[in-house]
$ cat protein_28.txt   # compact mmCIF, C-alpha atoms
# COMPACT_ATOMS: atom_id res chain seq x y z
CA MET A 9 67.70 135.84 139.64
CA ARG A 10 68.28 133.86 136.44
CA LYS A 11 71.32 132.45 134.65
CA LEU A 12 71.25 132.47 130.83
CA LEU A 13 74.14 131.87 128.43
CA ASN A 14 76.68 132.08 131.30
CA THR A 15 75.33 135.48 132.31
CA LEU A 16 73.71 136.05 135.72
CA TYR A 17 70.70 138.37 135.60
CA VAL A 18 69.66 139.82 138.96
CA THR A 19 66.23 141.33 138.40
CA SER A 20 65.32 142.30 141.97
CA GLU A 21 65.94 146.02 142.51
CA ASN A 22 66.67 145.43 146.23
CA SER A 23 69.44 142.87 145.74
CA TYR A 24 73.05 143.40 146.83
CA LEU A 25 75.86 141.36 145.28
CA SER A 26 78.82 140.18 147.31
CA LEU A 27 81.67 137.68 147.18
CA ASP A 28 82.01 134.51 149.25
CA GLY A 29 85.09 132.55 148.32
CA GLU A 30 84.71 131.74 144.62
CA ASN A 31 80.98 132.48 144.54
CA VAL A 32 78.85 135.52 143.80
CA VAL A 33 76.18 135.76 146.49
CA VAL A 34 72.89 137.59 145.98
CA LEU A 35 71.51 139.15 149.15
CA GLU A 36 68.13 140.74 149.75
CA ASP A 37 67.63 142.44 153.12
CA LYS A 38 70.79 140.63 154.28
CA THR A 39 69.23 137.27 153.43
CA GLU A 40 70.94 135.08 150.85
CA ILE A 41 68.58 134.30 147.96
CA GLY A 42 71.11 132.67 145.64
CA ARG A 43 74.74 131.98 144.78
CA VAL A 44 76.57 131.06 141.60
CA PRO A 45 80.22 129.98 141.15
CA LEU A 46 82.26 132.70 139.46
CA HIS A 47 84.00 130.25 137.14
CA ASN A 48 80.65 129.57 135.46
CA LEU A 49 80.06 133.21 134.53
CA GLU A 50 80.99 135.52 131.67
CA GLY A 51 78.93 138.46 132.92
CA ILE A 52 76.60 139.77 135.63
CA VAL A 53 73.69 142.12 134.91
CA SER A 54 72.01 143.86 137.84
CA PHE A 55 68.66 145.69 137.59
CA GLY A 56 68.92 147.64 140.84
CA TYR A 57 70.51 150.39 142.88
CA ARG A 58 71.87 148.51 145.90
CA GLY A 59 75.24 147.81 144.32
CA THR A 60 78.11 145.37 144.50
CA SER A 61 80.87 144.78 147.04
CA PRO A 62 84.38 145.99 146.11
CA ALA A 63 85.63 142.45 146.67
CA LEU A 64 83.27 141.09 144.04
CA MET A 65 84.20 143.89 141.65
CA GLY A 66 87.88 142.98 142.06
CA ALA A 67 87.23 139.27 141.58
CA CYS A 68 85.22 139.95 138.43
CA ALA A 69 87.95 142.25 137.07
CA GLU A 70 90.59 139.56 137.62
CA ARG A 71 88.49 136.97 135.78
CA ASN A 72 87.35 139.34 133.00
CA ILE A 73 83.69 138.98 134.06
CA SER A 74 81.76 142.09 133.08
CA LEU A 75 79.47 143.81 135.57
CA CYS A 76 76.59 145.72 134.03
CA TYR A 77 74.18 147.99 135.92
CA LEU A 78 70.71 149.01 134.78
CA THR A 79 67.78 150.73 136.44
CA PRO A 80 64.83 148.52 137.48
CA GLN A 81 63.10 149.78 134.31
CA GLY A 82 65.99 148.54 132.14
CA LYS A 83 67.79 151.82 131.36
CA PHE A 84 71.53 151.32 130.93
CA LEU A 85 73.63 152.95 133.67
CA ALA A 86 77.18 151.62 133.40
CA ARG A 87 79.34 148.62 132.60
CA VAL A 88 82.42 147.71 134.61
CA SER A 89 84.97 145.32 133.16
CA GLY A 90 88.52 144.26 133.86
CA ARG A 91 90.84 143.62 130.96
CA VAL A 92 89.44 145.47 127.98
CA LYS A 93 90.79 143.11 125.33
CA GLY A 94 87.60 141.03 125.26
CA ASN A 95 85.31 143.90 124.37
CA VAL A 96 87.87 145.45 122.02
CA VAL A 97 88.17 142.20 120.06
CA LEU A 98 84.39 141.78 119.96
CA ARG A 99 83.84 145.33 118.73
CA GLN A 100 86.57 144.96 116.14
CA GLN A 101 84.78 141.88 114.86
CA GLN A 102 81.53 143.84 114.83
CA TYR A 103 83.06 146.73 112.88
CA THR A 104 84.73 144.34 110.42
CA SER A 105 81.50 142.40 109.85
CA ALA A 106 79.55 145.64 109.35
CA ARG A 107 81.94 146.58 106.52
CA ASP A 108 81.74 143.11 104.97
CA ASP A 109 78.89 143.14 102.42
CA GLU A 110 78.26 139.39 102.62
CA ILE A 111 78.25 139.07 106.41
CA SER A 112 76.28 142.26 107.02
CA LEU A 113 73.67 141.23 104.45
CA GLU A 114 73.32 137.82 106.10
CA ILE A 115 72.76 139.32 109.55
CA ALA A 116 70.36 141.92 108.16
CA LYS A 117 68.40 139.21 106.33
CA ASN A 118 68.09 137.20 109.54
CA CYS A 119 66.67 140.22 111.39
CA ILE A 120 64.08 140.86 108.65
CA LEU A 121 63.25 137.17 108.32
CA GLY A 122 62.47 137.23 112.04
CA LYS A 123 60.34 140.34 111.63
CA VAL A 124 58.23 138.94 108.79
CA TYR A 125 57.99 135.44 110.29
CA ASN A 126 56.78 136.80 113.63
CA ALA A 127 54.39 139.27 112.00
CA ARG A 128 52.86 136.40 110.04
CA TRP A 129 52.27 134.38 113.19
CA VAL A 130 50.65 137.34 114.91
CA LEU A 131 48.15 137.31 112.05
CA GLU A 132 47.77 133.53 112.17
CA ARG A 133 47.13 133.66 115.91
CA ALA A 134 44.42 136.28 115.35
CA VAL A 135 42.69 134.08 112.79
CA ARG A 136 42.88 131.09 115.10
CA ASP A 137 41.56 132.90 118.18
CA HIS A 138 39.16 135.50 116.72
CA ALA A 139 37.99 134.18 113.35
CA LEU A 140 34.38 135.22 114.03
CA GLN A 141 35.32 138.79 115.05
CA ILE A 142 37.61 139.69 112.18
CA ASP A 143 37.70 139.49 108.41
CA ALA A 144 39.54 136.18 108.56
CA GLU A 145 39.91 135.82 104.80
CA ARG A 146 41.55 139.25 104.49
CA VAL A 147 43.97 138.46 107.29
CA ARG A 148 44.79 135.03 105.81
CA THR A 149 45.58 136.65 102.47
CA ALA A 150 48.02 139.00 104.19
CA SER A 151 49.54 136.07 106.09
CA ASP A 152 50.05 134.15 102.83
CA PHE A 153 51.81 137.17 101.32
CA LEU A 154 54.16 137.32 104.31
CA LYS A 155 54.85 133.61 103.95
CA ASP A 156 55.85 134.13 100.31
CA SER A 157 57.95 137.13 101.33
CA LEU A 158 60.14 134.90 103.47
CA CYS A 159 61.46 133.12 100.37
CA ARG A 160 62.13 136.40 98.57
CA ILE A 161 63.95 137.79 101.60
CA GLN A 162 66.03 134.64 102.00
CA ASN A 163 67.16 134.79 98.37
CA CYS A 164 67.72 138.54 97.99
CA GLU A 165 71.21 139.61 97.00
CA THR A 166 71.46 143.25 98.08
CA LYS A 167 70.40 145.40 101.00
CA ASP A 168 68.34 147.57 98.69
CA GLN A 169 66.36 144.50 97.67
CA LEU A 170 66.01 143.54 101.32
CA ARG A 171 64.69 146.99 102.25
CA GLY A 172 62.19 146.76 99.40
CA TYR A 173 60.88 143.37 100.50
CA GLU A 174 60.79 144.49 104.13
CA GLY A 175 58.84 147.64 103.29
CA GLU A 176 56.38 145.69 101.14
CA ALA A 177 55.79 143.10 103.87
CA ALA A 178 55.34 145.81 106.52
CA SER A 179 52.79 147.58 104.32
CA ILE A 180 50.75 144.37 103.92
CA TYR A 181 50.96 143.58 107.64
CA PHE A 182 49.90 147.04 108.77
CA GLY A 183 47.24 147.00 106.06
CA VAL A 184 45.29 144.44 108.12
CA PHE A 185 46.47 145.52 111.58
CA ASP A 186 43.14 147.29 112.13
CA GLU A 187 41.43 143.87 112.07
CA LEU A 188 43.31 142.92 115.22
CA ILE A 189 41.74 145.77 117.18
CA LEU A 190 38.68 144.08 118.70
CA GLN A 191 37.53 146.71 121.21
CA GLN A 192 37.14 150.51 121.12
CA LYS A 193 37.23 150.36 117.31
CA LYS A 194 35.58 153.76 116.90
CA ASP A 195 38.27 155.45 118.98
CA PHE A 196 41.26 153.38 117.87
CA ILE A 197 41.10 153.50 114.08
CA PHE A 198 44.26 152.43 112.27
CA ARG A 199 44.81 153.30 108.61
CA GLY A 200 48.52 152.67 108.36
CA ARG A 201 51.78 153.36 110.13
CA ASN A 202 52.79 157.01 110.61
CA LYS A 203 55.33 158.62 112.92
CA ARG A 204 57.23 161.81 113.64
CA PRO A 205 54.59 162.74 114.63
CA PRO A 206 52.03 159.93 115.12
CA LEU A 207 48.67 161.04 113.78
CA ASP A 208 46.28 158.71 115.63
CA HIS A 209 45.90 156.91 118.96
CA VAL A 210 47.26 153.57 117.74
CA ASN A 211 50.37 155.07 116.17
CA ALA A 212 51.03 157.10 119.31
CA LEU A 213 51.03 153.87 121.33
CA LEU A 214 53.17 152.01 118.80
CA SER A 215 55.79 154.76 118.71
CA PHE A 216 55.99 154.94 122.50
CA VAL A 217 56.32 151.17 122.94
CA TYR A 218 58.87 150.90 120.11
CA THR A 219 60.95 153.47 122.00
CA LEU A 220 60.73 151.40 125.19
CA LEU A 221 61.82 148.28 123.31
CA THR A 222 64.65 150.10 121.53
CA ASN A 223 65.97 151.31 124.89
CA SER A 224 65.91 147.74 126.22
CA ILE A 225 67.81 146.45 123.21
CA THR A 226 70.37 149.26 123.45
CA SER A 227 70.97 148.39 127.10
CA ALA A 228 71.36 144.72 126.17
CA LEU A 229 73.93 145.49 123.49
CA GLU A 230 75.89 147.70 125.88
CA CYS A 231 75.87 144.89 128.44
CA VAL A 232 77.46 142.33 126.15
CA GLY A 233 80.03 144.81 124.81
CA LEU A 234 78.57 145.49 121.36
CA ASP A 235 78.34 148.97 119.87
CA PRO A 236 74.63 149.82 119.47
CA TYR A 237 75.48 152.60 117.00
CA VAL A 238 76.98 150.33 114.32
CA GLY A 239 74.32 148.33 112.50
CA TYR A 240 73.96 146.08 109.48
CA LEU A 241 70.75 147.19 107.75
CA HIS A 242 70.11 150.64 109.21
CA THR A 243 72.72 153.11 108.07
CA ASP A 244 75.07 154.75 110.54
CA ARG A 245 74.16 158.28 111.56
CA PRO A 246 75.44 160.38 114.47
CA GLY A 247 73.36 159.57 117.54
CA ARG A 248 71.41 156.77 115.84
CA VAL A 249 71.43 153.36 117.54
CA SER A 250 71.54 151.52 114.22
CA LEU A 251 72.22 148.04 115.62
CA SER A 252 69.36 148.45 118.10
CA LEU A 253 67.08 149.37 115.22
CA ASP A 254 68.23 146.25 113.36
CA MET A 255 67.54 143.97 116.29
CA ILE A 256 64.19 145.48 117.23
CA GLU A 257 62.80 144.22 113.93
CA GLU A 258 62.46 140.60 115.04
CA LEU A 259 60.62 141.64 118.22
CA ARG A 260 58.33 144.39 116.91
CA ALA A 261 55.27 142.33 116.06
CA VAL A 262 55.56 139.59 118.63
CA LEU A 263 56.34 141.80 121.61
CA ALA A 264 55.55 145.47 120.95
CA ASP A 265 52.56 145.19 118.57
CA ARG A 266 50.83 142.46 120.57
CA PHE A 267 51.37 144.50 123.72
CA VAL A 268 49.73 147.57 122.14
CA LEU A 269 46.78 145.46 121.02
CA THR A 270 46.39 144.20 124.59
CA LEU A 271 46.34 147.77 125.92
CA ILE A 272 43.53 148.64 123.52
CA ASN A 273 41.50 145.44 123.62
CA ARG A 274 41.56 145.28 127.41
CA LYS A 275 40.72 148.98 127.61
CA ILE A 276 43.78 149.74 129.71
CA VAL A 277 44.04 152.97 127.74
CA THR A 278 41.05 154.84 126.27
CA ALA A 279 40.48 157.74 123.91
CA LYS A 280 40.31 160.22 126.78
CA ASN A 281 44.01 159.58 127.42
CA PHE A 282 45.01 161.30 124.16
CA SER A 283 45.06 164.85 122.85
CA LYS A 284 45.60 166.29 119.37
CA LYS A 285 47.86 169.23 118.58
CA GLU A 286 47.36 171.87 115.89
CA ASN A 287 49.87 170.12 113.61
CA GLY A 288 47.88 166.87 113.83
CA ALA A 289 50.20 165.14 116.28
CA VAL A 290 48.44 162.85 118.76
CA LEU A 291 49.94 162.69 122.24
CA MET A 292 49.31 160.52 125.30
CA ASP A 293 48.68 162.14 128.65
CA ASP A 294 50.68 161.38 131.80
CA GLU A 295 48.10 158.90 133.07
CA ALA A 296 48.34 156.85 129.88
CA ARG A 297 52.13 156.82 129.99
CA LYS A 298 52.06 155.60 133.59
CA ARG A 299 49.61 152.85 132.70
CA VAL A 300 51.65 151.78 129.69
CA LEU A 301 54.87 151.70 131.72
CA THR A 302 53.22 149.70 134.51
CA GLU A 303 51.82 147.15 132.07
CA TRP A 304 55.14 147.02 130.20
CA GLN A 305 56.94 146.05 133.39
CA LYS A 306 54.35 143.31 133.94
CA LYS A 307 54.75 142.10 130.37
CA LYS A 308 58.51 141.84 130.76
CA LYS A 309 58.04 139.47 133.72
CA GLU A 310 55.93 136.97 131.75
CA ILE A 311 57.73 133.65 131.22
CA ILE A 312 58.17 132.09 127.78
CA THR A 313 60.34 129.33 126.36
CA HIS A 314 63.09 130.72 124.15
CA PRO A 315 62.67 129.08 120.72
CA TYR A 316 66.41 128.59 120.12
CA MET A 317 67.71 127.88 123.61
CA LYS A 318 64.66 125.85 124.69
CA GLU A 319 64.96 127.42 128.14
CA LYS A 320 62.39 129.41 130.07
CA ALA A 321 63.05 133.14 130.29
CA GLU A 322 61.17 136.33 131.02
CA TRP A 323 60.14 138.47 128.03
CA GLY A 324 62.29 141.23 129.49
CA MET A 325 65.37 139.01 129.16
CA ILE A 326 64.87 138.26 125.45
CA PRO A 327 66.78 141.36 124.20
CA TYR A 328 69.73 140.34 126.40
CA VAL A 329 69.65 136.76 125.14
CA GLN A 330 69.55 137.92 121.51
CA ALA A 331 72.40 140.37 122.10
CA MET A 332 74.48 137.59 123.65
CA LEU A 333 73.69 135.25 120.74
CA LEU A 334 74.78 137.91 118.25
CA ALA A 335 78.01 138.42 120.21
CA ARG A 336 78.65 134.69 120.18
CA TYR A 337 78.10 134.55 116.44
CA LEU A 338 80.54 137.43 115.87
CA ARG A 339 83.12 135.67 118.05
CA GLY A 340 82.78 132.55 115.89
CA ASP A 341 81.05 130.38 118.52
CA LEU A 342 77.91 130.00 116.35
CA ASP A 343 77.57 129.36 112.63
CA GLY A 344 74.88 132.02 112.24
CA TYR A 345 72.88 134.53 114.23
CA PRO A 346 69.83 132.64 115.60
CA VAL A 347 67.02 135.11 115.16
CA PHE A 348 64.05 134.98 117.58
CA LEU A 349 61.24 133.03 115.87
CA TRP A 350 57.94 132.94 117.78
CA LYS A 351 54.94 130.76 117.11
$ encode --input "protein_28.txt" --output "structure tokens"
Amino acid sequence: MRKLLNTLYVTSENSYLSLDGENVVVLEDKTEIGRVPLHNLEGIVSFGYRGTSPALMGACAERNISLCYLTPQGKFLARVSGRVKGNVVLRQQQYTSARDDEISLEIAKNCILGKVYNARWVLERAVRDHALQIDAERVRTASDFLKDSLCRIQNCETKDQLRGYEGEAASIYFGVFDELILQQKKDFIFRGRNKRPPLDHVNALLSFVYTLLTNSITSALECVGLDPYVGYLHTDRPGRVSLSLDMIEELRAVLADRFVLTLINRKIVTAKNFSKKENGAVLMDDEARKRVLTEWQKKKKEIITHPYMKEKAEWGMIPYVQAMLLARYLRGDLDGYPVFLWK
């Protein structure tokens, strides 16, 4: 159980939520494990199946406190809210900002600044920790390019320019990504990003983990009342979670890419877990998927200090914190969207 940005996150899948006076009470096997005054809350997010008492649902509806339910793995199930005006106003602000060239460019730039900044520090961390195992000079050169890219991104004036700078930076970053693979190098050779379908073991892992992260971000956006299908950089298409794809950018390198490198370097997955189809597509077997999902759940429970809030939070909570920060910016509570910057 954790409270962040006036939202209560109940991460135990066996917890039941009930009402006691003006407090939400969290029970596990009929034992109270925590309580929080309702007047301090804007929302409650529950990762479990045990449910909520009707009395608490009614109290939350009266106070316009949203109740959001997800599976223990983070898949969005449903959101229950009282008066709908809060979410309607927020979504109207989202739709208006998405049509505003200046505002949408600013948000998109922040997301890409976060992506490039975090990618650079993944490279810097590799040089610091493994200088004798990698081509450190090659990785430093790529890191310097990403550093220079930050200025170009900050000063760009159109989304087309932004996409160009983002694509260039991604190409440089993935151009040295193979250096970060320290074990099983003969089996996990990386020559660049490819997808639909992935053509090697590393890309198969990256695509799978990116999907997991996108699902988490989509659930987070649903929880705070934002529309995951209306983005700022990625264009709107039927069935495409464009805002989720915008917001995944700042977390790709620092969360997904580092996680994939851990799977490889710690030999949690091996070459025998993959097969190749006639069309060149490389697929993971069921055993690999189970291992990845197990390790992903462990990763999400690791504690970090959020760089903007300066509070401790689990990695799995970061998409929810970023979604809430974006919602607060759109409501006018913040001067800008505080992108996640890791170091």
$ residues_around --input "protein_28.txt" --residues "Val32 (chain A)" --least-positions-apart "5" --cutoff "9 Å" --atoms "all atoms listed in the file" --output "NGL selection string"
:A and (25-27 or 42-46 or 64)
$ closest_residue --input "protein_28.txt" --among "A:Thr278, A:Thr313, A:Asn211, A:Gln330" --to "Leu229 (chain A)" --atoms "all atoms listed in the file"
A:Gln330
$ residues_around --input "protein_28.txt" --residues "Lys307 (chain A)" --least-positions-apart "5" --cutoff "10 Å" --atoms "all atoms listed in the file" --output "list in words"
Leu263, Phe267, Leu301, Thr302, Glu322, Trp323 and Gly324 of chain A
$ closest_residue --input "protein_28.txt" --among "A:Ile161, A:Ala279, A:Val147, A:Met255" --to "Lys193 (chain A)" --atoms "all atoms listed in the file"
A:Ala279
$ residues_near_point --input "protein_28.txt" --point "(78.1, 144.4, 146.8)" --cutoff "12 Å" --atoms "all atoms listed in the file" --output "PyMOL selection string"
chain A and resi 22-28+32-36+38+54+56-68+75
$ residues_around --input "protein_28.txt" --residues "Glu174 (chain A)" --least-positions-apart "6" --cutoff "9 Å" --atoms "only C-alpha atoms" --output "ChimeraX atom specification"
/A:120-121,123-124,157,161
$ write_last_selection --input "protein_28.txt" --atoms "C-alpha atoms" --output "short mmCIF file (atom, residue, chain, number, x, y, z; two decimals), in the coordinates of the input"
data_model
loop_
_atom_site.label_atom_id
_atom_site.label_comp_id
_atom_site.auth_asym_id
_atom_site.auth_seq_id
_atom_site.Cartn_x
_atom_site.Cartn_y
_atom_site.Cartn_z
CA ILE A 120 64.08 140.86 108.65
CA LEU A 121 63.25 137.17 108.32
CA LYS A 123 60.34 140.34 111.63
CA VAL A 124 58.23 138.94 108.79
CA SER A 157 57.95 137.13 101.33
CA ILE A 161 63.95 137.79 101.60
#
$ decode --input "protein_28.txt" --residues "region 107-127 of chain A" --atoms "N, CA, C and O atoms" --output "mmCIF file, in the first residue's frame"
data_model
loop_
_atom_site.group_PDB
_atom_site.id
_atom_site.type_symbol
_atom_site.label_atom_id
_atom_site.label_comp_id
_atom_site.auth_asym_id
_atom_site.auth_seq_id
_atom_site.Cartn_x
_atom_site.Cartn_y
_atom_site.Cartn_z
ATOM 1 N N ARG A 107 -4.863 19.557 -30.015
ATOM 2 C CA ARG A 107 -5.099 20.313 -31.252
ATOM 3 C C ARG A 107 -4.300 21.614 -31.294
ATOM 4 O O ARG A 107 -4.223 22.245 -32.339
ATOM 5 N N ASP A 108 -3.737 21.995 -30.152
ATOM 6 C CA ASP A 108 -2.955 23.226 -30.065
ATOM 7 C C ASP A 108 -1.504 22.921 -30.447
ATOM 8 O O ASP A 108 -0.817 22.177 -29.747
ATOM 9 N N ASP A 109 -1.031 23.481 -31.550
ATOM 10 C CA ASP A 109 0.307 23.159 -32.056
ATOM 11 C C ASP A 109 1.403 23.459 -31.040
ATOM 12 O O ASP A 109 2.352 22.693 -30.884
ATOM 13 N N GLU A 110 1.274 24.578 -30.337
ATOM 14 C CA GLU A 110 2.326 24.991 -29.401
ATOM 15 C C GLU A 110 2.366 24.079 -28.181
ATOM 16 O O GLU A 110 3.435 23.597 -27.772
ATOM 17 N N ILE A 111 1.205 23.819 -27.589
ATOM 18 C CA ILE A 111 1.164 22.987 -26.394
ATOM 19 C C ILE A 111 1.543 21.549 -26.714
ATOM 20 O O ILE A 111 2.325 20.919 -25.991
ATOM 21 N N SER A 112 0.999 21.011 -27.809
ATOM 22 C CA SER A 112 1.286 19.621 -28.145
ATOM 23 C C SER A 112 2.763 19.437 -28.489
ATOM 24 O O SER A 112 3.371 18.412 -28.136
ATOM 25 N N LEU A 113 3.376 20.421 -29.140
ATOM 26 C CA LEU A 113 4.802 20.335 -29.443
ATOM 27 C C LEU A 113 5.615 20.349 -28.151
ATOM 28 O O LEU A 113 6.597 19.611 -28.016
ATOM 29 N N GLU A 114 5.214 21.181 -27.197
ATOM 30 C CA GLU A 114 5.950 21.272 -25.935
ATOM 31 C C GLU A 114 5.900 19.956 -25.172
ATOM 32 O O GLU A 114 6.918 19.489 -24.644
ATOM 33 N N ILE A 115 4.727 19.338 -25.104
ATOM 34 C CA ILE A 115 4.612 18.053 -24.414
ATOM 35 C C ILE A 115 5.407 16.981 -25.145
ATOM 36 O O ILE A 115 6.119 16.180 -24.531
ATOM 37 N N ALA A 116 5.291 16.967 -26.476
ATOM 38 C CA ALA A 116 6.027 15.978 -27.268
ATOM 39 C C ALA A 116 7.530 16.143 -27.082
ATOM 40 O O ALA A 116 8.265 15.153 -26.952
ATOM 41 N N LYS A 117 8.003 17.401 -27.052
ATOM 42 C CA LYS A 117 9.434 17.644 -26.851
ATOM 43 C C LYS A 117 9.883 17.127 -25.493
ATOM 44 O O LYS A 117 10.969 16.548 -25.373
ATOM 45 N N ASN A 118 9.070 17.339 -24.465
ATOM 46 C CA ASN A 118 9.428 16.846 -23.137
ATOM 47 C C ASN A 118 9.587 15.328 -23.130
ATOM 48 O O ASN A 118 10.525 14.783 -22.528
ATOM 49 N N CYS A 119 8.656 14.628 -23.793
ATOM 50 C CA CYS A 119 8.736 13.162 -23.849
ATOM 51 C C CYS A 119 10.023 12.709 -24.542
ATOM 52 O O CYS A 119 10.693 11.775 -24.074
ATOM 53 N N ILE A 120 10.384 13.364 -25.647
ATOM 54 C CA ILE A 120 11.585 12.963 -26.390
ATOM 55 C C ILE A 120 12.851 13.414 -25.671
ATOM 56 O O ILE A 120 13.874 12.721 -25.708
ATOM 57 N N LEU A 121 12.801 14.559 -25.008
ATOM 58 C CA LEU A 121 13.938 14.961 -24.178
ATOM 59 C C LEU A 121 14.207 13.910 -23.110
ATOM 60 O O LEU A 121 15.362 13.552 -22.840
ATOM 61 N N GLY A 122 13.132 13.405 -22.493
ATOM 62 C CA GLY A 122 13.294 12.351 -21.491
ATOM 63 C C GLY A 122 13.881 11.090 -22.095
ATOM 64 O O GLY A 122 14.745 10.439 -21.500
ATOM 65 N N LYS A 123 13.421 10.748 -23.296
ATOM 66 C CA LYS A 123 13.931 9.544 -23.961
ATOM 67 C C LYS A 123 15.427 9.648 -24.219
ATOM 68 O O LYS A 123 16.196 8.732 -23.890
ATOM 69 N N VAL A 124 15.851 10.756 -24.810
ATOM 70 C CA VAL A 124 17.263 10.907 -25.179
ATOM 71 C C VAL A 124 18.134 11.078 -23.942
ATOM 72 O O VAL A 124 19.233 10.512 -23.853
ATOM 73 N N TYR A 125 17.669 11.853 -22.977
ATOM 74 C CA TYR A 125 18.412 12.048 -21.728
ATOM 75 C C TYR A 125 18.641 10.703 -21.034
ATOM 76 O O TYR A 125 19.768 10.391 -20.620
ATOM 77 N N ASN A 126 17.593 9.911 -20.903
ATOM 78 C CA ASN A 126 17.718 8.633 -20.207
ATOM 79 C C ASN A 126 18.562 7.636 -20.995
ATOM 80 O O ASN A 126 19.324 6.860 -20.415
ATOM 81 N N ALA A 127 18.430 7.657 -22.330
ATOM 82 C CA ALA A 127 19.262 6.780 -23.156
ATOM 83 C C ALA A 127 20.733 7.127 -22.975
ATOM 84 O O ALA A 127 21.594 6.241 -22.878
#
